[in-house]
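query.tsv follows (TSV, C-alpha atoms):
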```tsv
chain	number	residue	atom	x	y	z
A	937	MET	CA	20.65	62.52	-1.07
A	938	ALA	CA	18.80	59.21	-1.25
A	939	GLY	CA	15.88	58.70	1.08
A	940	ARG	CA	15.14	55.59	3.04
A	941	LEU	CA	12.20	53.73	4.57
A	942	TYR	CA	12.51	52.52	8.16
A	943	ILE	CA	10.12	49.94	9.59
A	944	VAL	CA	10.07	50.61	13.33
A	945	PRO	CA	8.52	48.19	15.85
A	946	THR	CA	6.72	49.77	18.80
A	947	PRO	CA	5.85	48.24	22.20
A	948	VAL	CA	2.95	45.80	22.34
A	949	GLY	CA	2.39	46.68	26.00
A	950	ASN	CA	5.06	48.18	28.22
A	951	LEU	CA	6.42	51.44	26.78
A	952	GLU	CA	9.87	50.54	28.12
A	953	ASP	CA	10.12	47.82	25.44
A	954	MET	CA	11.09	50.54	22.95
A	955	THR	CA	14.70	50.19	21.73
A	956	PHE	CA	17.29	52.97	21.80
A	957	ARG	CA	17.74	52.68	18.06
A	958	ALA	CA	14.00	52.94	17.41
A	959	ILE	CA	13.87	56.18	19.41
A	960	LYS	CA	16.87	57.57	17.52
A	961	VAL	CA	15.38	56.73	14.11
A	962	LEU	CA	12.02	58.30	14.98
A	963	LYS	CA	13.69	61.47	16.25
A	964	GLU	CA	15.76	61.82	13.08
A	965	ALA	CA	13.08	60.84	10.53
A	966	ASP	CA	11.70	63.56	8.25
A	967	LEU	CA	8.28	61.91	8.39
A	968	ILE	CA	6.62	59.37	10.68
A	969	LEU	CA	3.75	57.30	9.34
A	970	ALA	CA	1.37	55.94	11.97
A	971	GLU	CA	-1.52	53.50	11.86
A	972	ASP	CA	-3.46	55.72	14.29
A	973	THR	CA	-1.91	59.13	14.98
A	974	ARG	CA	-3.79	59.48	18.27
A	975	THR	CA	-2.41	56.21	19.62
A	976	SER	CA	1.12	56.89	18.37
A	977	SER	CA	1.11	60.43	19.78
A	978	VAL	CA	1.12	58.96	23.29
A	979	LEU	CA	4.27	56.96	22.54
A	980	LEU	CA	6.02	59.83	20.74
A	981	LYS	CA	5.23	62.26	23.56
A	982	HIS	CA	6.58	59.78	26.11
A	983	TYR	CA	9.95	59.76	24.32
A	984	ASP	CA	9.96	63.47	23.46
A	985	ILE	CA	9.70	62.82	19.73
A	986	HIS	CA	8.29	65.74	17.75
A	987	GLY	CA	8.64	64.73	14.10
A	988	ARG	CA	5.99	65.27	11.45
A	989	LEU	CA	3.26	62.67	11.85
A	990	GLU	CA	0.83	61.41	9.19
A	991	SER	CA	-1.61	58.50	9.05
A	992	HIS	CA	-0.96	55.34	7.05
A	993	HIS	CA	-3.51	52.58	7.65
A	994	LYS	CA	-5.30	49.76	5.85
A	995	PHE	CA	-8.02	52.10	4.56
A	996	ASN	CA	-5.66	54.54	2.81
A	997	GLU	CA	-2.43	52.57	2.17
A	998	HIS	CA	-3.24	51.82	-1.48
A	999	LYS	CA	-3.61	55.55	-2.09
A	1000	THR	CA	-0.69	56.77	0.01
A	1001	ALA	CA	1.97	54.16	-0.83
A	1002	SER	CA	2.89	55.72	-4.18
A	1003	ILE	CA	2.87	59.22	-2.65
A	1004	ILE	CA	5.21	58.16	0.13
A	1005	LYS	CA	7.44	56.43	-2.42
A	1006	GLU	CA	7.87	59.72	-4.31
A	1007	ARG	CA	8.72	61.56	-1.09
A	1008	ILE	CA	11.42	59.03	-0.26
A	1009	LEU	CA	12.81	59.25	-3.81
A	1010	SER	CA	13.05	63.02	-3.32
A	1011	GLY	CA	15.37	62.43	-0.36
A	1012	LEU	CA	13.12	62.16	2.70
A	1013	SER	CA	13.73	59.58	5.39
A	1014	VAL	CA	10.41	58.00	6.41
A	1015	ALA	CA	9.67	55.83	9.45
A	1016	LEU	CA	6.62	53.58	9.56
A	1017	ILE	CA	5.10	52.51	12.88
A	1018	SER	CA	1.91	50.69	13.82
A	1019	ASP	CA	-0.24	50.94	16.94
A	1020	ALA	CA	1.78	48.10	18.50
A	1021	GLY	CA	4.37	45.60	17.31
A	1022	THR	CA	6.12	45.35	13.96
A	1023	PRO	CA	4.42	46.92	10.92
A	1024	GLY	CA	3.55	44.35	8.27
A	1025	ILE	CA	2.75	41.60	10.80
A	1026	SER	CA	-1.07	41.70	10.69
A	1027	ASP	CA	-0.72	45.48	10.44
A	1028	PRO	CA	-0.28	47.89	7.51
A	1029	GLY	CA	3.20	47.92	6.01
A	1030	PHE	CA	3.54	45.20	3.39
A	1031	LEU	CA	2.18	47.29	0.51
A	1032	LEU	CA	4.48	50.24	1.24
A	1033	VAL	CA	7.52	47.99	1.62
A	1034	ARG	CA	6.75	46.20	-1.65
A	1035	THR	CA	6.30	49.53	-3.44
A	1036	CYS	CA	9.64	50.83	-2.16
A	1037	VAL	CA	11.50	47.60	-2.91
A	1038	ALA	CA	10.20	47.68	-6.49
A	1039	GLU	CA	11.68	51.19	-6.86
A	1040	GLY	CA	15.05	50.15	-5.45
A	1041	ILE	CA	14.52	52.20	-2.28
A	1042	GLU	CA	16.49	50.99	0.72
A	1043	VAL	CA	14.23	49.50	3.40
A	1044	GLN	CA	15.61	48.94	6.88
A	1045	THR	CA	13.48	46.98	9.36
A	1046	LEU	CA	14.53	47.40	12.96
A	1047	PRO	CA	14.35	44.39	15.29
A	1048	GLY	CA	11.89	44.81	18.10
A	1049	ALA	CA	8.55	43.98	19.62
A	1050	THR	CA	6.00	41.65	18.11
A	1051	ALA	CA	3.32	39.85	20.13
A	1052	PHE	CA	3.59	36.34	18.72
A	1053	VAL	CA	7.24	35.69	19.64
A	1054	PRO	CA	6.88	35.93	23.45
A	1055	ALA	CA	3.55	34.10	23.24
A	1056	LEU	CA	5.17	31.26	21.28
A	1057	VAL	CA	8.23	30.96	23.51
A	1058	SER	CA	6.13	31.07	26.70
A	1059	SER	CA	3.70	28.43	25.42
A	1060	GLY	CA	6.06	25.53	26.01
A	1061	TYR	CA	5.39	24.14	22.52
A	1062	PRO	CA	8.15	23.54	19.95
A	1063	CYS	CA	9.60	26.77	18.57
A	1064	ASP	CA	11.99	25.24	16.04
A	1065	LYS	CA	9.19	24.86	13.48
A	1066	PHE	CA	6.04	26.96	13.51
A	1067	CYS	CA	3.59	28.67	11.16
A	1068	PHE	CA	2.09	32.11	11.67
A	1069	GLU	CA	-1.52	32.34	10.47
A	1070	GLY	CA	-2.46	35.75	11.90
A	1071	PHE	CA	-6.18	36.53	11.99
A	1072	LEU	CA	-8.56	33.92	10.62
A	1073	PRO	CA	-11.16	35.09	8.10
A	1074	GLN	CA	-14.12	36.41	10.07
A	1075	LYS	CA	-16.74	34.71	7.91
A	1076	LYS	CA	-16.13	33.23	4.45
A	1077	GLY	CA	-13.33	30.69	4.36
A	1078	ARG	CA	-12.93	30.41	8.13
A	1079	GLN	CA	-14.04	26.78	8.48
A	1080	SER	CA	-12.20	25.62	5.37
A	1081	MET	CA	-8.99	27.28	6.56
A	1082	LEU	CA	-9.19	25.53	9.93
A	1083	ALA	CA	-9.90	22.23	8.20
A	1084	SER	CA	-6.83	22.69	6.02
A	1085	LEU	CA	-4.68	23.17	9.14
A	1086	ALA	CA	-5.97	20.12	11.01
A	1087	GLY	CA	-3.00	18.02	9.88
A	1088	GLU	CA	-0.36	20.73	10.32
A	1089	HIS	CA	2.54	19.32	12.38
A	1090	ARG	CA	4.15	22.65	13.21
A	1091	THR	CA	3.11	24.80	16.15
A	1092	MET	CA	0.44	27.23	14.90
A	1093	ILE	CA	0.06	30.89	15.82
A	1094	PHE	CA	-3.13	32.93	15.52
A	1095	TYR	CA	-4.22	36.43	16.47
A	1096	GLU	CA	-7.78	36.94	17.68
A	1097	SER	CA	-10.12	39.53	19.10
A	1098	PRO	CA	-11.26	38.95	22.71
A	1099	PHE	CA	-14.84	39.16	21.45
A	1100	ARG	CA	-14.34	36.14	19.16
A	1101	LEU	CA	-11.93	34.13	21.31
A	1102	VAL	CA	-14.38	31.59	22.72
A	1103	LYS	CA	-16.03	30.98	19.35
A	1104	THR	CA	-12.63	30.52	17.72
A	1105	LEU	CA	-11.44	28.05	20.36
A	1106	GLU	CA	-14.68	26.09	19.93
A	1107	GLN	CA	-14.24	26.01	16.15
A	1108	MET	CA	-10.62	24.92	16.56
A	1109	ALA	CA	-11.73	22.14	18.91
A	1110	GLU	CA	-14.15	20.96	16.26
A	1111	ALA	CA	-11.55	21.09	13.49
A	1112	PHE	CA	-8.45	19.89	15.40
A	1113	GLY	CA	-10.04	17.79	18.15
A	1114	ALA	CA	-11.11	18.91	21.62
A	1115	GLU	CA	-7.97	17.43	23.25
A	1116	ARG	CA	-5.48	19.35	21.08
A	1117	GLU	CA	-3.24	21.41	23.38
A	1118	CYS	CA	-3.17	25.20	23.20
A	1119	SER	CA	-1.96	28.28	25.02
A	1120	VAL	CA	-3.76	31.61	25.01
A	1121	ALA	CA	-1.57	34.62	25.74
A	1122	ARG	CA	-3.34	37.81	26.73
A	1123	GLU	CA	-2.02	41.33	27.33
A	1124	ILE	CA	1.59	40.50	26.43
A	1125	SER	CA	4.10	42.77	28.24
A	1126	LYS	CA	1.36	44.52	30.25
A	1127	ILE	CA	0.57	44.49	33.98
A	1128	HIS	CA	-2.17	41.88	33.60
A	1129	GLU	CA	-0.31	39.55	31.23
A	1130	GLU	CA	-1.89	36.10	31.31
A	1131	HIS	CA	-1.19	32.68	29.80
A	1132	LYS	CA	-3.84	29.95	29.91
A	1133	ARG	CA	-2.70	26.50	28.83
A	1134	GLY	CA	-4.59	23.26	28.34
A	1135	SER	CA	-6.73	21.48	25.77
A	1136	LEU	CA	-8.81	23.58	23.38
A	1137	GLU	CA	-11.90	22.36	25.24
A	1138	GLU	CA	-10.49	23.32	28.66
A	1139	VAL	CA	-9.29	26.77	27.63
A	1140	ALA	CA	-12.58	27.53	25.84
A	1141	ALA	CA	-14.46	26.56	29.02
A	1142	TRP	CA	-12.24	28.87	31.08
A	1143	TYR	CA	-12.95	31.88	28.90
A	1144	ARG	CA	-16.69	31.18	28.82
A	1145	SER	CA	-16.71	32.01	32.52
A	1146	HIS	CA	-13.86	34.55	32.50
A	1147	GLU	CA	-14.48	37.28	29.93
A	1148	PRO	CA	-11.25	37.91	28.01
A	1149	LYS	CA	-9.96	41.44	27.42
A	1150	GLY	CA	-7.03	42.93	25.54
A	1151	GLU	CA	-4.82	41.61	22.77
A	1152	ILE	CA	-4.98	37.84	22.22
A	1153	VAL	CA	-2.46	35.37	20.75
A	1154	ILE	CA	-3.49	31.72	20.40
A	1155	ILE	CA	-0.77	29.07	20.18
A	1156	VAL	CA	-1.96	25.62	19.08
A	1157	ALA	CA	0.19	22.50	19.25
A	1158	GLY	CA	0.82	20.81	15.93
A	1159	ALA	CA	-0.86	17.55	14.94
A	1160	PRO	CA	0.84	14.35	16.14
A	1161	GLU	CA	3.44	13.15	13.68
A	1162	THR	CA	3.57	9.67	12.17
A	1163	LYS	CA	6.38	7.41	13.36
A	1164	LYS	CA	8.07	7.68	9.98
A	1165	GLU	CA	8.00	11.50	10.02
A	1166	LYS	CA	9.25	11.65	13.60
A	1167	LYS	CA	12.14	9.26	12.79
A	1168	ARG	CA	13.16	11.44	9.83
A	1169	TYR	CA	12.97	14.55	12.00
A	1170	ASN	CA	15.15	12.97	14.73
A	1171	GLU	CA	17.72	11.86	12.15
A	1172	GLN	CA	17.90	15.38	10.75
A	1173	ARG	CA	18.41	16.81	14.24
A	1174	GLU	CA	21.23	14.33	14.87
A	1175	ASP	CA	22.88	15.38	11.59
A	1176	ASP	CA	22.62	19.04	12.63
A	1177	ILE	CA	24.33	18.33	15.94
A	1178	GLU	CA	27.12	16.35	14.24
A	1179	ILE	CA	27.99	19.28	11.96
A	1180	GLY	CA	28.25	21.71	14.82
A	1181	ASP	CA	24.73	22.61	15.93
A	1182	ASN	CA	24.96	22.59	19.72
A	1183	SER	CA	21.34	23.50	20.31
A	1184	PRO	CA	19.41	20.95	22.40
A	1185	ASP	CA	17.43	18.21	20.64
A	1186	ILE	CA	13.85	19.05	21.55
A	1187	SER	CA	12.25	16.43	19.34
A	1188	SER	CA	11.06	14.53	22.41
A	1189	ASP	CA	8.96	17.56	23.34
A	1190	ARG	CA	7.02	17.50	20.10
A	1191	VAL	CA	3.35	16.63	20.38
```

Here is the file; what I need is its structure written in the form of structure tokens.
Amino acid sequence: MAGRLYIVPTPVGNLEDMTFRAIKVLKEADLILAEDTRTSSVLLKHYDIHGRLESHHKFNEHKTASIIKERILSGLSVALISDAGTPGISDPGFLLVRTCVAEGIEVQTLPGATAFVPALVSSGYPCDKFCFEGFLPQKKGRQSMLASLAGEHRTMIFYESPFRLVKTLEQMAEAFGAERECSVAREISKIHEEHKRGSLEEVAAWYRSHEPKGEIVIIVAGAPETKKEKKRYNEQREDDIEIGDNSPDISSDRV
């Protein structure tokens, strides 16, 4: 019997965000791989899941990926979870998936929670075109990466630690301009969920006097488009509508 790898999203905040299918897969899996077994044990206990649990994180994934591959080839069904959200999105998972794909192993990724989607949709900035940048480099390459994104027209998405949030917003203000609009989403799906919107300068000032806590997603509006680019974009949207795309034309909302 052929084994299979399941990528299973877990709640980023509220435990009730778990899907029925995710619970079923975890209960039936021969092996569950967790980023932190202590954190995942709380979730598994909540849903009365008692499968075999092993660690798979960024410090051991290069060593364990080939071992897990062999177990799946022997017929085991393996489910990979992270501490929160979808594995592979700024969390361990990519290396294992690539290893399994290269061996022809079936990989099924379940739809489910990920922090950046609700943060993006709630920001009020265009969602039709965006780029996900994840965590910025902590030291080397940080400034050059921000500089390279200064002209990016799409809405930009970043993850950040609460301890570096103010510094990051200040660096973004320097690279993108202090008046560039942003939205900082904090504690997505939790009791104290918070969204602070305004210019990079305004939001940085807010968090200098209000210490941030919890998981952080920064949404930054794209750079203003040239008239020529905006005209081409509007023409493309009109063509989409003519061929049957009934979604609203949000080009007037673009920064």

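Checking A:Gly987, A:Pro1054, A:Gly1029, A:Gly1040 one by one against Ala938 (chain A), counting all atoms listed in the file, you find the shortest gap at A:Gly1040.
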
For Gly939 (chain A), the nearest of the candidates A:Asp984, A:Ile1004, A:Thr973, A:Ser991, counting only C-alpha atoms
A:Ile1004

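Near Lys1126 (chain A), within 10 Å and counting only C-alpha atoms, sit Pro947, Val948, Gly949, Asn950, Leu951, Arg1122, Glu1123, Glu1129, Glu1130 and Gly1150 of chain A; same-chain residues fewer than 3 positions away were not included.
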
Please identify every residue of region 994-1068 of chain A that has at least one atom no farther than 6 Å from an atom of region 1087-1104 of chain A, counting all atoms listed in the file, and for each give the shortest atom pair and the distance in Å to one decimal, arranged by chain then increasing number, as JSON lines.
```
{"residue": "A:Lys1065", "atom": "CA", "partner": "A:Arg1090", "partner_atom": "CA", "distance": 5.5}
{"residue": "A:Phe1066", "atom": "CA", "partner": "A:Thr1091", "partner_atom": "CA", "distance": 4.5}
{"residue": "A:Cys1067", "atom": "CA", "partner": "A:Met1092", "partner_atom": "CA", "distance": 5.1}
{"residue": "A:Phe1068", "atom": "CA", "partner": "A:Ile1093", "partner_atom": "CA", "distance": 4.8}
```

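Taking CA of Pro1062 (chain A) as the reference point, CA of Glu952 (chain A) is found at 28.3 Å.
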
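The nearest approach to Ile968 (chain A) among the residues A:Ser1058, A:Thr1022, A:Ser1145, A:Ser1013, with only C-alpha atoms taken into account, belongs to A:Ser1013.
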
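Each of A:Ile959, A:Ala1157, A:Leu967, A:Ile1003 was checked against Tyr983 (chain A) using only C-alpha atoms; the smallest atom-to-atom distance is that of A:Ile959.
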
Dig up all the protein and nucleic acid residues within 12 Å of (-13.9, 28.3, 8.9) in the file frame, using only C-alpha atoms, and format them as a PyMOL selection string.
chain A and resi 1071-1086+1103-1112

Just-selected residues, C-alpha atoms written as an mmCIF file, in the coordinates of the input:
```
data_model
loop_
_atom_site.group_PDB
_atom_site.id
_atom_site.type_symbol
_atom_site.label_atom_id
_atom_site.label_comp_id
_atom_site.auth_asym_id
_atom_site.auth_seq_id
_atom_site.Cartn_x
_atom_site.Cartn_y
_atom_site.Cartn_z
ATOM 1 C CA PHE A 1071 -6.180 36.530 11.990
ATOM 2 C CA LEU A 1072 -8.560 33.920 10.620
ATOM 3 C CA PRO A 1073 -11.160 35.090 8.100
ATOM 4 C CA GLN A 1074 -14.120 36.410 10.070
ATOM 5 C CA LYS A 1075 -16.740 34.710 7.910
ATOM 6 C CA LYS A 1076 -16.130 33.230 4.450
ATOM 7 C CA GLY A 1077 -13.330 30.690 4.360
ATOM 8 C CA ARG A 1078 -12.930 30.410 8.130
ATOM 9 C CA GLN A 1079 -14.040 26.780 8.480
ATOM 10 C CA SER A 1080 -12.200 25.620 5.370
ATOM 11 C CA MET A 1081 -8.990 27.280 6.560
ATOM 12 C CA LEU A 1082 -9.190 25.530 9.930
ATOM 13 C CA ALA A 1083 -9.900 22.230 8.200
ATOM 14 C CA SER A 1084 -6.830 22.690 6.020
ATOM 15 C CA LEU A 1085 -4.680 23.170 9.140
ATOM 16 C CA ALA A 1086 -5.970 20.120 11.010
ATOM 17 C CA LYS A 1103 -16.030 30.980 19.350
ATOM 18 C CA THR A 1104 -12.630 30.520 17.720
ATOM 19 C CA LEU A 1105 -11.440 28.050 20.360
ATOM 20 C CA GLU A 1106 -14.680 26.090 19.930
ATOM 21 C CA GLN A 1107 -14.240 26.010 16.150
ATOM 22 C CA MET A 1108 -10.620 24.920 16.560
ATOM 23 C CA ALA A 1109 -11.730 22.140 18.910
ATOM 24 C CA GLU A 1110 -14.150 20.960 16.260
ATOM 25 C CA ALA A 1111 -11.550 21.090 13.490
ATOM 26 C CA PHE A 1112 -8.450 19.890 15.400
#
```

In Å, how far is it from CA of Leu1046 (chain A) to CA of Val961 (chain A)?
9.4 Å

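We find CA of Cys1118 (chain A) and CA of Tyr1061 (chain A) to be spaced 8.7 Å apart.
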
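Each of A:Ala1038, A:Ala1051, A:Leu1031, A:Ala1114 was checked against Ala1141 (chain A) using all atoms listed in the file; the smallest atom-to-atom distance is that of A:Ala1114.
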
With distances taken over all atoms listed in the file, the candidate from A:Ser1059, A:Ser1119, A:Thr1035, A:Thr1050 nearest Met954 (chain A) is A:Thr1050

Enclose region 992-1003 of chain A, meaning all of its atoms listed in the file, in a box aligned along x, y and z, pad it by 5 Å on each side, and list the centre and edge lengths in Å to one decimal, as JSON.
```
{"center_x": -2.6, "center_y": 54.5, "center_z": 1.7, "size_x": 20.9, "size_y": 19.5, "size_z": 21.8}
```

Excluding Arg974 (chain A) and any residue of its chain fewer than 5 positions from it, enumerate the residues within 12 Å of it, using all atoms listed in the file, and give them as a ChimeraX atom specification.
/A:969,979-981,989-991,1018-1019
